[in-house]
$ cat data.txt   # compact mmCIF, C-alpha atoms
# COMPACT_ATOMS: atom_id res chain seq x y z
CA MET M 214 -92.32 -93.22 -30.48
CA ARG M 215 -91.47 -89.78 -29.16
CA ASN M 216 -95.13 -89.33 -28.12
CA PHE M 217 -95.01 -92.64 -26.34
CA LEU M 218 -91.93 -91.53 -24.41
CA ARG M 219 -93.64 -88.29 -23.54
CA LEU M 220 -96.63 -90.25 -22.24
CA ILE M 221 -94.45 -92.44 -20.06
CA LEU M 222 -92.58 -89.47 -18.71
CA GLY M 223 -95.86 -87.67 -18.17
CA VAL M 224 -97.18 -90.56 -16.09
CA ILE M 225 -93.99 -90.54 -14.03
CA LEU M 226 -94.18 -86.78 -13.59
CA LEU M 227 -97.83 -86.78 -12.58
CA GLY M 228 -97.39 -89.49 -10.02
CA GLY M 229 -98.21 -86.96 -7.29
CA ILE M 230 -96.72 -87.38 -3.85
CA THR M 231 -95.25 -90.75 -4.73
CA GLY M 232 -93.54 -89.19 -7.71
CA TRP M 233 -92.18 -86.35 -5.62
CA SER M 234 -90.63 -88.80 -3.19
CA VAL M 235 -89.27 -91.05 -5.91
CA THR M 236 -87.61 -88.12 -7.65
CA THR M 237 -85.92 -86.65 -4.55
CA PRO M 238 -82.13 -86.34 -4.95
CA ARG M 239 -80.12 -88.61 -2.68
CA PRO M 240 -76.77 -87.02 -1.92
CA LEU M 241 -73.96 -88.73 -0.03
CA THR M 242 -74.09 -88.64 3.76
CA GLY M 243 -71.21 -87.86 6.11
CA ALA M 244 -70.78 -91.58 6.74
CA ASP M 245 -70.03 -92.12 3.04
CA VAL M 246 -67.09 -89.70 3.00
CA PRO M 247 -63.85 -90.39 4.89
CA ALA M 248 -62.11 -87.43 6.55
CA ARG M 249 -58.83 -87.32 4.62
CA ALA M 250 -56.95 -84.91 2.41
CA GLY M 251 -57.12 -85.79 -1.29
CA ASP M 252 -53.92 -86.90 -3.03
CA PRO M 253 -53.50 -84.98 -6.31
CA VAL M 254 -50.91 -87.47 -7.63
CA ASN M 255 -53.34 -90.37 -7.53
CA GLY M 256 -55.98 -87.86 -8.61
CA GLU M 257 -54.18 -87.37 -11.92
CA ALA M 258 -54.26 -91.12 -12.58
CA VAL M 259 -57.98 -91.10 -11.78
CA PHE M 260 -58.41 -88.12 -14.12
CA TRP M 261 -56.98 -90.04 -17.08
CA ALA M 262 -58.74 -93.30 -16.22
CA ALA M 263 -62.06 -91.45 -15.95
CA GLY M 264 -61.51 -89.60 -19.22
CA CYS M 265 -62.57 -86.20 -17.83
CA ALA M 266 -60.69 -84.28 -20.52
CA ALA M 267 -62.33 -86.27 -23.31
CA CYS M 268 -65.57 -84.40 -22.64
CA HIS M 269 -64.64 -81.31 -20.62
CA ALA M 270 -61.67 -79.97 -22.56
CA ALA M 271 -62.58 -77.26 -25.06
CA PRO M 272 -63.59 -78.47 -28.54
CA GLU M 273 -60.51 -79.42 -30.62
CA ALA M 274 -58.16 -78.97 -27.63
CA GLU M 275 -55.02 -81.08 -27.94
CA GLY M 276 -51.92 -81.71 -25.86
CA GLU M 277 -51.55 -79.61 -22.71
CA ALA M 278 -54.66 -77.64 -23.66
CA ARG M 279 -56.70 -80.71 -22.68
CA LEU M 280 -55.99 -79.80 -19.06
CA VAL M 281 -58.03 -76.61 -19.42
CA LEU M 282 -61.51 -77.96 -18.64
CA ALA M 283 -63.43 -75.09 -20.20
CA GLY M 284 -66.22 -77.32 -21.55
CA GLY M 285 -68.26 -76.65 -24.67
CA ARG M 286 -68.13 -79.98 -26.51
CA ALA M 287 -71.54 -81.02 -27.88
CA PHE M 288 -73.05 -84.48 -27.37
CA ALA M 289 -76.06 -85.36 -29.50
CA SER M 290 -78.64 -87.81 -28.14
CA ASP M 291 -82.24 -88.92 -28.67
CA PHE M 292 -83.24 -86.48 -25.95
CA GLY M 293 -81.46 -83.36 -27.18
CA THR M 294 -77.95 -81.98 -27.37
CA PHE M 295 -75.86 -81.76 -24.21
CA TYR M 296 -72.92 -79.40 -23.80
CA ALA M 297 -70.12 -80.34 -21.43
CA PRO M 298 -69.89 -77.62 -18.76
CA ASN M 299 -66.84 -75.72 -17.57
CA ILE M 300 -65.34 -77.69 -14.65
CA SER M 301 -62.13 -75.67 -14.40
CA PRO M 302 -61.33 -74.06 -11.01
CA ASP M 303 -62.71 -70.68 -12.15
CA ALA M 304 -64.86 -69.41 -9.26
CA THR M 305 -67.62 -68.08 -11.53
CA ALA M 306 -67.64 -70.04 -14.78
CA GLY M 307 -66.22 -73.26 -13.35
CA ILE M 308 -66.45 -75.18 -10.10
CA GLY M 309 -63.93 -73.13 -8.10
CA GLY M 310 -66.63 -72.22 -5.58
CA TRP M 311 -67.49 -75.84 -4.78
CA ARG M 312 -66.61 -77.81 -1.67
CA GLU M 313 -65.30 -81.35 -1.91
CA ARG M 314 -68.69 -82.75 -0.94
CA ASP M 315 -70.35 -80.87 -3.80
CA PHE M 316 -67.95 -82.54 -6.22
CA LEU M 317 -68.44 -86.01 -4.78
CA ASN M 318 -72.22 -85.64 -5.04
CA ALA M 319 -71.95 -84.45 -8.62
CA VAL M 320 -69.65 -87.26 -9.77
CA MET M 321 -71.03 -90.16 -7.77
CA ARG M 322 -74.71 -89.26 -7.38
CA GLY M 323 -75.40 -86.93 -10.28
CA VAL M 324 -76.65 -84.19 -7.95
CA SER M 325 -75.63 -80.52 -8.25
CA PRO M 326 -74.70 -78.32 -5.27
CA GLU M 327 -78.19 -76.78 -5.61
CA GLY M 328 -79.74 -80.25 -5.28
CA GLN M 329 -80.70 -80.61 -8.95
CA HIS M 330 -80.29 -83.82 -10.90
CA TYR M 331 -77.72 -83.87 -13.67
CA TYR M 332 -78.53 -85.52 -16.98
CA PRO M 333 -76.93 -88.95 -17.35
CA ALA M 334 -74.92 -87.72 -20.32
CA PHE M 335 -72.58 -87.14 -17.35
CA PRO M 336 -71.71 -90.78 -16.56
CA TYR M 337 -72.35 -90.70 -12.81
CA GLY M 338 -74.06 -94.06 -13.26
CA SER M 339 -70.58 -95.52 -13.80
CA TYR M 340 -68.67 -93.17 -11.48
CA GLY M 341 -71.07 -94.12 -8.68
CA ARG M 342 -69.20 -97.45 -8.52
CA ALA M 343 -65.87 -95.73 -7.85
CA ASN M 344 -64.07 -95.66 -4.51
CA VAL M 345 -64.92 -92.37 -2.83
CA GLU M 346 -61.22 -91.88 -1.99
CA ASP M 347 -60.37 -91.87 -5.71
CA ILE M 348 -62.93 -89.13 -6.35
CA GLN M 349 -61.56 -87.13 -3.41
CA ASP M 350 -58.12 -87.43 -5.03
CA LEU M 351 -59.57 -86.37 -8.37
CA TRP M 352 -61.00 -83.27 -6.69
CA ALA M 353 -57.55 -82.48 -5.28
CA PHE M 354 -56.01 -82.85 -8.76
CA LEU M 355 -58.61 -80.63 -10.43
CA GLN M 356 -57.59 -77.79 -8.07
CA THR M 357 -54.15 -77.84 -9.70
CA LEU M 358 -55.47 -77.21 -13.24
CA PRO M 359 -55.78 -73.80 -14.93
CA ALA M 360 -58.95 -71.77 -14.44
CA ASP M 361 -60.89 -70.67 -17.53
CA ALA M 362 -63.63 -68.03 -17.63
CA THR M 363 -65.64 -69.46 -20.56
CA PRO M 364 -69.29 -69.71 -19.40
CA SER M 365 -70.99 -73.11 -19.64
CA ARG M 366 -73.54 -73.45 -22.40
CA ALA M 367 -77.10 -74.51 -21.53
CA HIS M 368 -78.19 -77.93 -22.80
CA ASP M 369 -80.59 -77.98 -25.71
CA VAL M 370 -83.19 -80.41 -24.39
CA GLY M 371 -86.93 -80.23 -25.15
CA PHE M 372 -89.97 -80.87 -22.96
CA PRO M 373 -90.53 -83.14 -21.07
CA PHE M 374 -86.87 -84.08 -20.76
CA SER M 375 -86.18 -80.51 -19.72
CA ILE M 376 -87.81 -81.27 -16.35
CA ARG M 377 -84.79 -82.34 -14.35
CA ARG M 378 -86.84 -83.50 -11.40
CA ALA M 379 -88.02 -86.46 -13.51
CA LEU M 380 -84.42 -87.69 -13.62
CA GLY M 381 -84.91 -88.83 -10.03
CA ALA M 382 -87.27 -91.47 -11.38
CA TRP M 383 -84.73 -92.33 -14.08
CA LYS M 384 -82.11 -92.89 -11.40
CA ARG M 385 -84.51 -95.14 -9.45
CA LEU M 386 -85.03 -97.20 -12.59
CA TYR M 387 -81.47 -97.40 -13.85
CA GLN M 388 -78.82 -96.31 -11.36
CA ASP M 389 -77.34 -99.55 -10.09
CA ASP M 390 -73.97 -99.47 -8.34
CA ASP M 391 -73.61 -103.27 -8.32
CA TRP M 392 -70.87 -104.73 -10.51
CA VAL M 393 -72.08 -106.36 -13.71
CA MET M 394 -69.23 -108.87 -13.61
CA ALA M 395 -70.24 -110.02 -10.15
CA GLY M 396 -68.24 -111.74 -7.44
CA ASP M 397 -64.72 -111.73 -6.03
CA LEU M 398 -62.16 -111.53 -8.81
CA GLU M 399 -58.42 -112.07 -8.86
CA PRO M 400 -56.46 -108.79 -8.60
CA GLU M 401 -55.88 -108.01 -12.30
CA LEU M 402 -59.48 -108.76 -13.24
CA ASP M 403 -60.71 -106.80 -10.23
CA ARG M 404 -58.69 -103.78 -11.35
CA GLY M 405 -59.96 -104.24 -14.91
CA ARG M 406 -63.55 -104.33 -13.69
CA TYR M 407 -62.97 -101.14 -11.72
CA LEU M 408 -61.48 -99.38 -14.75
CA VAL M 409 -64.11 -100.58 -17.24
CA GLU M 410 -67.30 -100.50 -15.16
CA ALA M 411 -66.50 -97.50 -12.93
CA LEU M 412 -63.87 -94.92 -13.91
CA GLY M 413 -63.49 -95.72 -17.62
CA HIS M 414 -67.30 -95.72 -18.10
CA CYS M 415 -66.78 -97.80 -21.29
CA THR M 416 -70.30 -99.10 -21.06
CA GLU M 417 -71.83 -95.64 -21.48
CA CYS M 418 -71.15 -95.91 -25.22
CA HIS M 419 -70.57 -99.62 -25.80
CA THR M 420 -73.84 -100.86 -24.26
CA ALA M 421 -77.28 -100.45 -25.85
CA ARG M 422 -79.93 -98.46 -23.98
CA THR M 423 -83.66 -98.73 -23.35
CA ALA M 424 -86.11 -96.25 -24.88
CA LEU M 425 -85.66 -94.09 -21.77
CA GLY M 426 -81.88 -94.16 -21.98
CA GLY M 427 -81.13 -96.78 -19.32
CA LEU M 428 -78.27 -99.19 -19.92
CA ARG M 429 -79.25 -102.75 -20.91
CA ARG M 430 -77.17 -104.75 -18.45
CA ASP M 431 -78.21 -107.89 -20.36
CA LEU M 432 -76.44 -106.51 -23.46
CA TRP M 433 -73.35 -105.38 -21.56
CA LEU M 434 -70.63 -103.99 -23.87
CA MET M 435 -72.25 -105.68 -26.89
CA GLY M 436 -72.29 -102.50 -28.97
CA ALA M 437 -74.85 -99.78 -29.60
CA PRO M 438 -75.93 -97.23 -32.17
CA ASN M 439 -73.66 -94.19 -32.19
CA PRO M 440 -75.69 -91.29 -30.73
CA SER M 441 -73.92 -88.93 -33.14
CA GLY M 442 -75.49 -90.94 -35.98
CA ASP M 443 -72.04 -91.84 -37.32
CA GLY M 444 -71.91 -95.63 -37.56
CA ARG M 445 -72.14 -98.01 -34.66
CA ILE M 446 -70.19 -98.31 -31.42
CA PRO M 447 -68.72 -101.82 -31.65
CA ASP M 448 -69.37 -104.93 -29.61
CA ILE M 449 -66.25 -105.42 -27.45
CA THR M 450 -67.17 -108.77 -25.91
CA PRO M 451 -65.07 -111.80 -26.95
CA ALA M 452 -67.84 -112.80 -29.39
CA ARG M 453 -66.81 -109.93 -31.67
CA LEU M 454 -63.55 -108.51 -30.33
CA THR M 455 -61.16 -111.34 -31.06
CA TRP M 456 -57.92 -109.44 -30.38
CA SER M 457 -55.43 -110.87 -27.90
CA PRO M 458 -55.04 -109.12 -24.53
CA SER M 459 -51.80 -107.49 -25.72
CA ASP M 460 -53.51 -106.34 -28.94
CA ILE M 461 -56.14 -104.59 -26.81
CA ALA M 462 -53.58 -103.09 -24.41
CA ASN M 463 -51.42 -101.83 -27.30
CA TYR M 464 -54.44 -100.29 -29.01
CA LEU M 465 -55.37 -98.44 -25.82
CA ARG M 466 -51.81 -97.07 -25.58
CA ASP M 467 -50.86 -96.11 -29.14
CA GLY M 468 -54.16 -96.37 -31.05
CA PHE M 469 -53.05 -98.97 -33.59
CA THR M 470 -55.17 -102.04 -34.33
CA PRO M 471 -53.53 -105.43 -34.96
CA ASP M 472 -53.47 -104.70 -38.71
CA PHE M 473 -52.21 -101.14 -38.11
CA ASP M 474 -55.38 -99.32 -38.88
CA VAL M 475 -55.70 -96.46 -36.42
CA VAL M 476 -58.27 -95.47 -33.83
CA SER M 477 -61.06 -93.24 -35.15
CA GLY M 478 -64.10 -91.24 -34.07
CA SER M 479 -64.69 -90.45 -30.41
CA MET M 480 -62.43 -93.37 -29.43
CA VAL M 481 -59.47 -91.12 -30.33
CA GLU M 482 -60.15 -89.10 -27.17
CA VAL M 483 -60.49 -92.26 -25.12
CA VAL M 484 -57.08 -93.54 -26.23
CA GLY M 485 -55.70 -90.04 -25.64
CA SER M 486 -56.74 -90.43 -21.99
CA LEU M 487 -55.97 -94.12 -21.43
CA SER M 488 -52.50 -93.76 -22.98
CA ASN M 489 -51.54 -91.85 -19.80
CA LEU M 490 -52.20 -94.89 -17.57
CA PRO M 491 -49.57 -97.42 -16.50
CA ASP M 492 -49.22 -100.51 -18.72
CA ALA M 493 -50.66 -102.68 -15.95
CA ASP M 494 -53.96 -100.78 -16.08
CA ARG M 495 -54.37 -101.26 -19.83
CA ALA M 496 -53.53 -104.95 -19.38
CA ALA M 497 -56.20 -105.12 -16.67
CA ILE M 498 -58.80 -103.59 -19.00
CA ALA M 499 -57.85 -106.16 -21.65
CA ALA M 500 -58.13 -109.00 -19.12
CA TYR M 501 -61.61 -107.83 -18.13
CA LEU M 502 -62.80 -107.60 -21.74
CA ARG M 503 -61.50 -111.08 -22.52
CA ALA M 504 -63.27 -112.44 -19.42
CA LEU M 505 -66.70 -111.18 -20.50
CA PRO M 506 -69.24 -113.86 -21.43
CA MET D 201 -99.70 -117.36 -69.81
CA LYS D 202 -96.68 -116.05 -71.63
CA LYS D 203 -97.35 -112.62 -70.18
CA ILE D 204 -97.33 -113.99 -66.63
CA TYR D 205 -94.14 -115.90 -67.34
CA MET D 206 -92.41 -112.78 -68.65
CA GLY D 207 -93.65 -110.90 -65.61
CA LEU D 208 -92.04 -113.46 -63.30
CA VAL D 209 -88.77 -113.28 -65.22
CA ALA D 210 -88.79 -109.52 -64.99
CA ALA D 211 -89.51 -109.68 -61.26
CA ALA D 212 -86.73 -112.21 -60.72
CA LEU D 213 -84.29 -110.05 -62.65
CA ALA D 214 -85.31 -106.94 -60.78
CA LEU D 215 -85.06 -108.51 -57.35
CA PRO D 216 -81.31 -108.49 -56.81
CA PHE D 217 -81.07 -104.90 -57.97
CA GLY D 218 -83.97 -103.84 -55.83
CA THR D 219 -82.67 -105.38 -52.61
CA ALA D 220 -78.90 -105.12 -52.85
CA ALA D 221 -77.48 -101.97 -51.25
CA PHE D 222 -74.49 -100.95 -53.33
CA SER D 223 -72.63 -103.45 -55.46
CA ASP D 224 -69.45 -102.50 -57.28
CA SER D 225 -71.33 -102.35 -60.57
CA ASP D 226 -73.66 -99.56 -59.51
CA ASN D 227 -71.17 -97.62 -57.41
CA PRO D 228 -69.81 -94.91 -59.69
CA TYR D 229 -66.83 -94.44 -57.39
CA ALA D 230 -65.80 -98.08 -56.92
CA ALA D 231 -62.36 -97.44 -58.45
CA HIS D 232 -61.88 -94.30 -56.35
CA LEU D 233 -62.69 -96.16 -53.14
CA ALA D 234 -60.37 -99.02 -54.09
CA ALA D 235 -57.56 -96.53 -54.69
CA ARG D 236 -58.11 -94.79 -51.34
CA GLN D 237 -58.39 -98.01 -49.40
CA GLY D 238 -55.40 -99.49 -51.20
CA GLN D 239 -53.33 -96.45 -50.31
CA MET D 240 -54.42 -96.71 -46.68
CA ARG D 241 -53.37 -100.37 -46.64
CA ILE D 242 -49.93 -99.46 -47.94
CA GLN D 243 -49.64 -96.77 -45.27
CA ALA D 244 -50.78 -99.25 -42.60
CA PHE D 245 -48.21 -101.80 -43.76
CA ASN D 246 -45.35 -99.33 -43.49
CA ILE D 247 -46.56 -97.87 -40.20
CA GLY D 248 -46.84 -101.43 -38.93
CA VAL D 249 -43.13 -101.99 -39.54
CA LEU D 250 -42.34 -98.94 -37.41
CA VAL D 251 -44.94 -99.54 -34.68
CA ARG D 252 -43.79 -103.14 -34.13
CA MET D 253 -40.24 -101.91 -33.57
CA ALA D 254 -41.41 -99.05 -31.33
CA ARG D 255 -43.44 -101.47 -29.19
CA GLY D 256 -40.56 -103.94 -28.97
CA GLU D 257 -42.50 -106.62 -30.84
CA ALA D 258 -39.87 -106.63 -33.56
CA GLU D 259 -36.09 -106.11 -33.37
CA TYR D 260 -35.02 -102.61 -34.40
CA ASP D 261 -33.65 -102.75 -37.95
CA ALA D 262 -32.33 -99.40 -39.19
CA ALA D 263 -32.59 -100.22 -42.89
CA ALA D 264 -36.12 -101.63 -42.67
CA ALA D 265 -37.23 -98.68 -40.52
CA GLN D 266 -35.73 -96.19 -42.94
CA THR D 267 -37.43 -97.88 -45.92
CA ALA D 268 -40.82 -97.84 -44.24
CA ALA D 269 -40.43 -94.21 -43.17
CA SER D 270 -39.30 -93.11 -46.64
CA ASN D 271 -42.29 -94.87 -48.19
CA LEU D 272 -44.64 -93.02 -45.84
CA ALA D 273 -42.95 -89.69 -46.56
CA ALA D 274 -43.25 -90.35 -50.31
CA ILE D 275 -46.93 -91.29 -50.04
CA SER D 276 -47.58 -88.16 -47.98
CA GLN D 277 -46.39 -86.03 -50.89
CA MET D 278 -48.73 -87.63 -53.45
CA ASP D 279 -51.58 -85.53 -54.81
CA GLY D 280 -54.56 -87.83 -54.32
CA ARG D 281 -57.32 -85.30 -54.87
CA ALA D 282 -58.55 -87.08 -58.03
CA TYR D 283 -59.75 -90.07 -56.03
CA TRP D 284 -61.61 -88.00 -53.42
CA PRO D 285 -64.47 -86.68 -55.60
CA GLU D 286 -67.45 -84.96 -54.02
CA GLY D 287 -70.29 -87.43 -53.43
CA SER D 288 -68.03 -90.36 -52.53
CA ASP D 289 -68.93 -90.30 -48.82
CA ASN D 290 -70.64 -92.86 -46.62
CA ALA D 291 -73.92 -90.95 -46.64
CA ALA D 292 -74.11 -91.44 -50.42
CA LEU D 293 -72.43 -94.85 -50.77
CA GLY D 294 -73.29 -96.65 -47.53
CA ASP D 295 -70.99 -99.35 -46.22
CA ALA D 296 -68.65 -99.18 -49.21
CA THR D 297 -66.73 -96.36 -47.52
CA ARG D 298 -66.14 -94.85 -44.07
CA ALA D 299 -65.35 -91.43 -45.52
CA LEU D 300 -67.64 -88.94 -43.78
CA PRO D 301 -69.39 -86.07 -45.59
CA ALA D 302 -67.36 -83.81 -43.25
CA ILE D 303 -64.44 -84.19 -45.69
CA TRP D 304 -66.27 -82.27 -48.40
CA GLN D 305 -67.89 -79.85 -45.96
CA ASP D 306 -64.43 -78.86 -44.78
CA MET D 307 -61.98 -79.64 -47.56
CA ALA D 308 -59.49 -77.11 -46.17
CA GLY D 309 -59.47 -78.89 -42.83
CA PHE D 310 -59.11 -82.27 -44.54
CA GLY D 311 -56.20 -80.95 -46.58
CA GLY D 312 -54.65 -79.56 -43.42
CA ALA D 313 -54.95 -82.95 -41.72
CA TRP D 314 -53.23 -84.61 -44.67
CA GLY D 315 -50.52 -81.95 -44.47
CA ALA D 316 -50.06 -82.75 -40.77
CA PHE D 317 -49.51 -86.40 -41.73
CA GLY D 318 -46.91 -85.18 -44.23
CA THR D 319 -45.09 -83.25 -41.51
CA ALA D 320 -45.11 -86.24 -39.16
CA ALA D 321 -44.06 -88.68 -41.90
CA THR D 322 -41.22 -86.40 -42.99
CA GLY D 323 -40.17 -86.11 -39.36
CA MET D 324 -40.10 -89.90 -39.08
CA ASP D 325 -38.19 -90.17 -42.36
CA ALA D 326 -35.49 -87.89 -40.94
CA VAL D 327 -34.81 -90.06 -37.87
CA ALA D 328 -36.07 -93.62 -38.45
CA GLY D 329 -32.59 -94.92 -39.23
CA ASP D 330 -30.98 -93.21 -36.23
CA GLY D 331 -31.78 -95.82 -33.62
CA LEU D 332 -34.73 -97.15 -31.66
CA ALA D 333 -35.03 -94.16 -29.33
CA ALA D 334 -35.31 -91.75 -32.25
CA LEU D 335 -37.93 -93.93 -33.90
CA GLN D 336 -39.91 -94.14 -30.67
CA GLY D 337 -39.81 -90.36 -30.37
CA ALA D 338 -41.28 -89.89 -33.84
CA ILE D 339 -43.94 -92.62 -33.73
CA GLY D 340 -46.23 -90.74 -31.32
CA PRO D 341 -46.68 -87.67 -33.56
CA LEU D 342 -47.09 -89.96 -36.58
CA GLY D 343 -49.86 -91.98 -34.94
CA GLN D 344 -51.51 -88.82 -33.65
CA SER D 345 -51.58 -87.36 -37.15
CA CYS D 346 -53.44 -90.46 -38.36
CA ALA D 347 -55.87 -90.38 -35.44
CA ALA D 348 -56.52 -86.64 -35.67
CA CYS D 349 -57.75 -87.05 -39.24
CA HIS D 350 -59.73 -90.22 -38.54
CA ARG D 351 -61.41 -88.63 -35.53
CA THR D 352 -63.04 -85.96 -37.68
CA TYR D 353 -63.32 -87.45 -41.13
CA GLN D 354 -63.73 -91.22 -40.76
CA GLN D 355 -66.74 -93.15 -39.52
CA SER D 356 -65.64 -94.96 -36.37
CA ASN D 357 -65.82 -98.72 -36.21
CA ASN D 358 -62.96 -99.60 -33.88
$ encode --input "data.txt" --output "C-alpha cells"
Amino acid sequence: MRNFLRLILGVILLGGITGWSVTTPRPLTGADVPARAGDPVNGEAVFWAAGCAACHAAPEAEGEARLVLAGGRAFASDFGTFYAPNISPDATAGIGGWRERDFLNAVMRGVSPEGQHYYPAFPYGSYGRANVEDIQDLWAFLQTLPADATPSRAHDVGFPFSIRRALGAWKRLYQDDDWVMAGDLEPELDRGRYLVEALGHCTECHTARTALGGLRRDLWLMGAPNPSGDGRIPDITPARLTWSPSDIANYLRDGFTPDFDVVSGSMVEVVGSLSNLPDADRAAIAAYLRALP
Amino acid sequence: MKKIYMGLVAAALALPFGTAAFSDSDNPYAAHLAARQGQMRIQAFNIGVLVRMARGEAEYDAAAAQTAASNLAAISQMDGRAYWPEGSDNAALGDATRALPAIWQDMAGFGGAWGAFGTAATGMDAVAGDGLAALQGAIGPLGQSCAACHRTYQQSNN
C-alpha cells in the first residue's frame, strides 16, 4: 500500500512542466483582502471557534496557559508525525515577524510567507471557507497573546511526503471551498454550517479520507479511524448521533453526554475551546448536525 | 464415517471460540471491568443530579445536591487499585474496556488524575448545599477533573 502511494506521488512529482504548474502555490490577491483594521474582540471569538489553542498550545497546557501558543503537540498520521509550530507573537520562534497577508495566506491557502505549502494537518482546507474579515480579526487577536521563545519542532515525515511541492497537487485534488451542505440556509443553520465546515473544522477528524489524505465529501462527518490509533472518531450524522439539539449544545459547553458520561480523548480540547462560544453558536452547530442527511 | 462425524462435531464446537473476540468466560478480568464500569455509572448518576441543576434542567434542591456531592466525595476516597490490574487495558481485552495502556505506563499520573477528581469532588461536597450559584461554581472543576483523566487514559468514543 505504502509503495503504491509512493508510486502515485512519484507520478505526480515527475509530471514535468505540467506538474510544476499544478503544484504552484496560489496565495490571496489584493482583491481578496479588504483594507480594514482587524477587531481583536471578534478575533477572540474566532480563536475559540477555530480551536487554535487545541493544537498550538504547549502539550498539557491548561487554563490561561492555553493562550501561550508555543506549539509542540504531536499529531500522528499515515504520512508521519506532525508537530504544531509556535504561532505566538515571538519575532524569532513564532510569527511575530509576519504581516497580516502572510497570516491570511497561511490560514486560508496553506501557503507560508516563503511560498511553501503547509501540510494539511493544518486545516486550511476548512479555514479556506472562512470570511477573510474573521481571519483578519483573528490575526489582530493573536497580537495580544504572550510571546514564547520555544522553537518549532520539524515534522517527522518520510520521502516522498517530505517534498512539500507535491502538496500543490494535493490541493488541486482536494481543496474545495464550496459548502458541503449547499444552498441558502436560514440564519441559524447558516451559522452552524460556518462553524462546522469552516472555523470549527469538525470534518478534519470526523470524515474519512482517501488513501492520499483527501476528505471523502460523500462520507461527510460519518466517522473515521482515529489517526492516533486509539479507537474511532464517531459518526456525528443523525444516523448515529441521536442526541437532541440541546443534548449536543450542552455537551459542547460542559462536556457531559445525555447519560452523564464525560467527553474523552482529543474531543476534550475541542469542548475546551467551544465552551468559550456564546450559547447561540453551540445551538447553531447542533442545528447543523441534526440537518445532515 | 464416525471419524468424520467426530471431526465435524469438533469443528462446530471450536467455531464459536475461534471467531468470538472476547466473551465474559474467557476474559480473566470480567469482574474487574464490571466493577470499574459500575463505579463509573454510579459517579455518572450522581454527577448527573448536579449537572442537571447547574444547567437549569432541574430545580435546585439543596438536599439532593448535597447527597449527590457527598456520594461523589465518598467514592473519590475509595481505594480501587485492586480492580485496575496490569493487563486489563483495551489493547489486551479489545472492546470490553476503554481503559488505555497509558494507565499502566504512567500509574503515577493516573493516580494523580484520580486525586484531582477527589479534590474537585470534595470541593463540590463543601458547597453543593449552599445554593445554585455555589453549585454552578464547583461543577466546572468537577467536570474538568473527569475530562482531564479521560483525555489521557480513556479511549475516545464520544
$ closest_residue --input "data.txt" --among "D:Leu335, D:Ala234, D:Tyr229, D:Gly256" --to "Ala268 in chain D" --atoms "all atoms listed in the file"
D:Leu335
$ interface_residues --input "data.txt" --of "chain D" --to "chain M" --cutoff "8 Å" --atoms "all atoms listed in the file" --output "list in words"
Ala244, Phe245, Ile247, Gly248, Gly340, Gly343, Cys346, Ala347, Ala348, His350, Arg351, Thr352, Gln354, Gln355, Ser356, Asn357 and Asn358 of chain D
$ atom_distance --input "data.txt" --atom1 "CA of Trp311 in chain M" --atom2 "CA of Ser365 in chain M"
15.5 Å
$ residues_around --input "data.txt" --residues "Ala499 in chain M" --least-positions-apart "4" --cutoff "8 Å" --atoms "only C-alpha atoms" --output "number ranges by chain"
M: 405, 458-459, 461-462, 495, 503
$ write_last_selection --input "data.txt" --atoms "C-alpha atoms" --output "compact mmCIF listing (two decimals), in the frame of the given file"
# COMPACT_ATOMS: atom_id res chain seq x y z
CA GLY M 405 -59.96 -104.24 -14.91
CA PRO M 458 -55.04 -109.12 -24.53
CA SER M 459 -51.80 -107.49 -25.72
CA ILE M 461 -56.14 -104.59 -26.81
CA ALA M 462 -53.58 -103.09 -24.41
CA ARG M 495 -54.37 -101.26 -19.83
CA ARG M 503 -61.50 -111.08 -22.52
$ atom_distance --input "data.txt" --atom1 "CA of Pro438 in chain M" --atom2 "CA of Ser290 in chain M"
10.6 Å
$ residues_near_point --input "data.txt" --point "(-63.1, -86.7, -52.8)" --cutoff "12 Å" --atoms "only C-alpha atoms" --output "ChimeraX atom specification"
/D:229,232-233,235-236,279-290,297,299-307,310-311,353
$ residues_around --input "data.txt" --residues "range 315-322 of chain M" --least-positions-apart "5" --cutoff "9 Å" --atoms "only C-alpha atoms" --output "short mmCIF file (atom, residue, chain, number, x, y, z; two decimals) with C-alpha atoms, in the coordinates of the input"
data_model
loop_
_atom_site.label_atom_id
_atom_site.label_comp_id
_atom_site.auth_asym_id
_atom_site.auth_seq_id
_atom_site.Cartn_x
_atom_site.Cartn_y
_atom_site.Cartn_z
CA PRO M 238 -82.13 -86.34 -4.95
CA ARG M 239 -80.12 -88.61 -2.68
CA PRO M 240 -76.77 -87.02 -1.92
CA LEU M 241 -73.96 -88.73 -0.03
CA VAL M 246 -67.09 -89.70 3.00
CA ILE M 308 -66.45 -75.18 -10.10
CA HIS M 330 -80.29 -83.82 -10.90
CA TYR M 331 -77.72 -83.87 -13.67
CA PHE M 335 -72.58 -87.14 -17.35
CA PRO M 336 -71.71 -90.78 -16.56
CA TYR M 337 -72.35 -90.70 -12.81
CA GLY M 338 -74.06 -94.06 -13.26
CA SER M 339 -70.58 -95.52 -13.80
CA TYR M 340 -68.67 -93.17 -11.48
CA GLY M 341 -71.07 -94.12 -8.68
CA ARG M 342 -69.20 -97.45 -8.52
CA ALA M 343 -65.87 -95.73 -7.85
CA VAL M 345 -64.92 -92.37 -2.83
CA ILE M 348 -62.93 -89.13 -6.35
CA GLN M 349 -61.56 -87.13 -3.41
CA TRP M 352 -61.00 -83.27 -6.69
#
$ atom_distance --input "data.txt" --atom1 "CA of Gly309 in chain M" --atom2 "CA of Leu358 in chain M"
10.7 Å
$ closest_residue --input "data.txt" --among "M:Pro333, M:Gly264, M:Gly328, M:Gly276" --to "Thr237 in chain M" --atoms "only C-alpha atoms"
M:Gly328
$ closest_residue --input "data.txt" --among "D:Leu342, D:Gln243, D:Asp226, D:Gln237" --to "Thr322 in chain D" --atoms "all atoms listed in the file"
D:Leu342
$ residues_around --input "data.txt" --residues "Ala306 in chain M" --least-positions-apart "5" --cutoff "10 Å" --atoms "all atoms listed in the file" --output "list in words"
Ala283, Pro298, Asn299, Ile300, Ser301, Ala360, Asp361, Ala362, Thr363, Pro364 and Ser365 of chain M
$ axis_aligned_box --input "data.txt" --around "range 343-359 of chain M" --padding-each-side "6 Å" --output "JSON"
{"center_x": -60.0, "center_y": -84.8, "center_z": -8.5, "size_x": 23.7, "size_y": 33.9, "size_z": 24.9}
